[in-house]
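As structure tokens, the structure follows; a few thoughts come after it.
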Amino acid sequence: MTEYFALVKQIDFEYLYTGTKQWFLWMFVLTGPACLLYDAPFGRFATPDSILSVDGIKSWIVMELVSPLTFLFTAYLHPFSHAPLSLPSLSRSALGITPQFTLTALYLVHYLNRALISPLRTPYRAKSHLVVVLAAIAFNAPNGFLLASALTSASTASFLHRASRSPRFWVGVALWAAGFAGNLYHDEILLNIRRKAIAKGKAREFEGEDGHHHQRGAKAPQRRLHYAIPHGGLYSLVSFPNYFCEWVEWFGFALAASPTPDFALLPGAQALLEAASGAQFAEVGRLLSPFVDSVSPPWIFFALEIATMAPRAIRGHRWYHERFGESYPRDRRAIIPWLL
């Protein structure tokens, strides 16, 4: 095992880190438009009859566990720091809980709930297409690597040196806690809809090609899970408050963990458009490089959360209106109260 880790240490982590970071930022540019045009086949947009559809709960656990496992492995290696992450000690009068450890704990608490507690408490979940599972793994593995590399680095330790006395740090932690609590609360509302559906024998409704519900046993070629209009909390304002709360959570995390990106380093729009219109991608990369270097992994993660979740919320909001018609509250927005 020692020889294995010694071999891993020979990896050029600086090159791997920089390349992964750039790839993630390009993903941000490309993902948003793609998600506006395509419904990822899971949840309400599942394709259960596809030969490539897999169990929803098991596949969710597998693909979401990738992130914390990659995070823990990278934190163990701490590639950009000579010293490992400082852990609390019960033998001291002061526990010695560092800001880096606090942020690591927040990240792992989120994924403990997301990858294990939440799916294991879910009564049922629609099947996921194998493409969704593979895409999630392709996102979660590098994301766990980037975040752990950043949080255990010497530069982050320097930035967080006096964070325990910084209002910015504690505001970020408070936003994380509020977002996490809101996420749990609104997910529980959805879980209760499923529990009540099971209690009433509606866990699985059958829907024909005409969109109308059919009695069990009648000719109905497509099977769909039961859905109802959620109420309570921020559902009075938006269709996807769990998404909004997750944005608040990761915005707070990024605010506490790292410097804000330096938008002054963005190139002029004219120079960027000229390079892009001429397909001079190397020049585009050169122009954006100073700004990319200023964007830390927590902010990249937050940006990608918006890029992937906003389009799905918009299309899901449209689906709710199509599904429930006049019964669906017309004053609800998709994801941001009063705005979007």
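Scheme for the structure tokens: letters A, B, ... for chains in order shown; per-chain residue numbers from 1; ligand numbers from 1 in order shown.
Excluding Arg121 of chain A itself and same-chain residues fewer than 2 positions from it, the residues having an atom within 12 Å of it are Ile57, Ile61, Asn113, Arg114, Ala115, Leu116, Ile117, Ser118, Pro119, Pro123, Tyr124, Arg125, Leu184, Asp187, Glu188, Leu190, Leu191, Asn192, Arg194 and Arg195 of chain A, counting only C-alpha atoms.
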- [ ] Output as a PyMOL selection string all residues of segment 129-294 of chain A that backbone DSSP marks as helix (DSSP H, G or I).
- [x] chain A and resi 130-151+154-159+163-165+167-199+233-236+241-257+263-265+269-277+281-294
Task: Exercise: segment 11-15 of chain A partners within 10 Å, only C-alpha atoms, chain neighbours under 6 positions left out, as a PyMOL selection string - done: chain A and resi 21+79-80+149
Take the residues from that selection and put them in a file with C-alpha atoms, as a CSV table (one decimal), in the first residue's frame.
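Saved result, out26.csv, follows:
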```csv
chain,number,residue,atom,x,y,z
A,21,LYS,CA,-10.2,23.5,-13.5
A,79,PRO,CA,-1.1,17.5,-3.0
A,80,PHE,CA,-0.5,21.2,-2.4
A,149,SER,CA,-7.0,20.0,-3.4
```
Open item on the list: List the spatial neighbours of Val248 of chain A as a list in words - criterion: any atom at most 12 Å away, only C-alpha atoms, same-chain residues fewer than 4 positions off excluded.
Closed with: Val171, Gly172, Val173, Ala174, Leu175, Trp176, Ala177, Ala178, Gly179, Phe180, Ala181, Gly182, Asn183, Pro241, Asn242, Tyr243, Phe244, Gly252, Phe253, Ala254, Leu255, Phe302, Ala303, Glu305, Ile306, Ile335 and Ile336 of chain A
- [ ] Identify, on the basis of only C-alpha atoms, every residue whose closest approach to Thr70 of chain A does not exceed 9 Å; exclude the query and any residue fewer than 2 positions from it along the same chain; express the result as an MDAnalysis selection string.
- [x] chainID A and resid 65:68 72:75 140:145 148
- [ ] Take atom CA of Ser53 of chain A and atom CA of Arg312 of chain A and report the distance between them in Å, one decimal.
- [x] 19.4 Å
Output as CSV one row per residue of segment 129-173 of chain A within 10 Å of segment 256-261 of chain A: the closest atom pair and its distance in Å to one decimal place, counting only C-alpha atoms, sorted by chain and residue number ascending.
```
residue,atom,partner,partner_atom,distance
A:Leu147,CA,A:Ala257,CA,9.9
A:Ala150,CA,A:Ser258,CA,8.9
A:Leu151,CA,A:Ala257,CA,7.5
A:Ser155,CA,A:Ser258,CA,9.5
A:Thr156,CA,A:Ser258,CA,6.9
A:Ala157,CA,A:Ala257,CA,9.7
A:Phe159,CA,A:Ser258,CA,7.1
A:Leu160,CA,A:Ala257,CA,7.4
A:Ala163,CA,A:Ala256,CA,8.2
A:Ser166,CA,A:Ala256,CA,9.2
A:Pro167,CA,A:Ala256,CA,9.3
A:Arg168,CA,A:Ala256,CA,6.2
A:Phe169,CA,A:Ala256,CA,4.2
A:Trp170,CA,A:Ala256,CA,7.0
A:Val171,CA,A:Ala256,CA,7.4
A:Gly172,CA,A:Ala256,CA,4.6
A:Val173,CA,A:Ala256,CA,6.4
```
Open item on the list: If you run DSSP on the backbone here, which positions in segment 110-263 of chain A get strand (DSSP E)? Please write them as a PyMOL selection string.
Closed with: chain A and resi 128-129+204-207+213-214+222-225
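Counting only C-alpha atoms and comparing A:Tyr227, A:Tyr107, A:Trp23, A:Tyr17, the residue that lies closest to Phe324 of chain A is A:Tyr227.
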TODO: Rounded to one decimal place, report the atom CA of Leu103 of chain A-atom CA of Val238 of chain A distance in Å.
DONE: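 Atom CA of Leu103 of chain A sits 28.9 Å away from atom CA of Val238 of chain A.
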Task: Non-local contacts of segment 281-297 of chain A (7 Å; only C-alpha atoms; under 3 positions in same chain excluded) as a list in words - done: Leu146, Leu147, Ala150, Ser258, Pro261, Asp262, Phe263, Leu265, Leu266, Pro267, Leu272, Ala275, Ala276, Ile300 and Phe301 of chain A
Open item on the list: as a PyMOL selection string, please: the residues near Pro230 of chain A (cut-off 8 Å, only C-alpha atoms, same-chain neighbours under 5 positions excluded).
Closed with: chain A and resi 189-190+193+235
Open item on the list: Restricting the calculation to only C-alpha atoms: of A:Val132, A:Leu120, A:Ala334, A:Ala228, which residue gets closest to Met309 of chain A?
Closed with: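 Looking only at the distances to Met309 of chain A, the closest residue turns out to be A:Ala334.
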- [ ] Measuring atom to atom with only C-alpha atoms, identify which of A:Lys200, A:His186, A:His231, A:His161 is nearest to Tyr328 of chain A.
- [x] A:His231
Open item on the list: Between atom CA of Arg330 of chain A and atom CA of Ser236 of chain A, what is the distance in Å, rounded to a tenth?
Closed with: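 Between atom CA of Arg330 of chain A and atom CA of Ser236 of chain A the gap is 10.5 Å.
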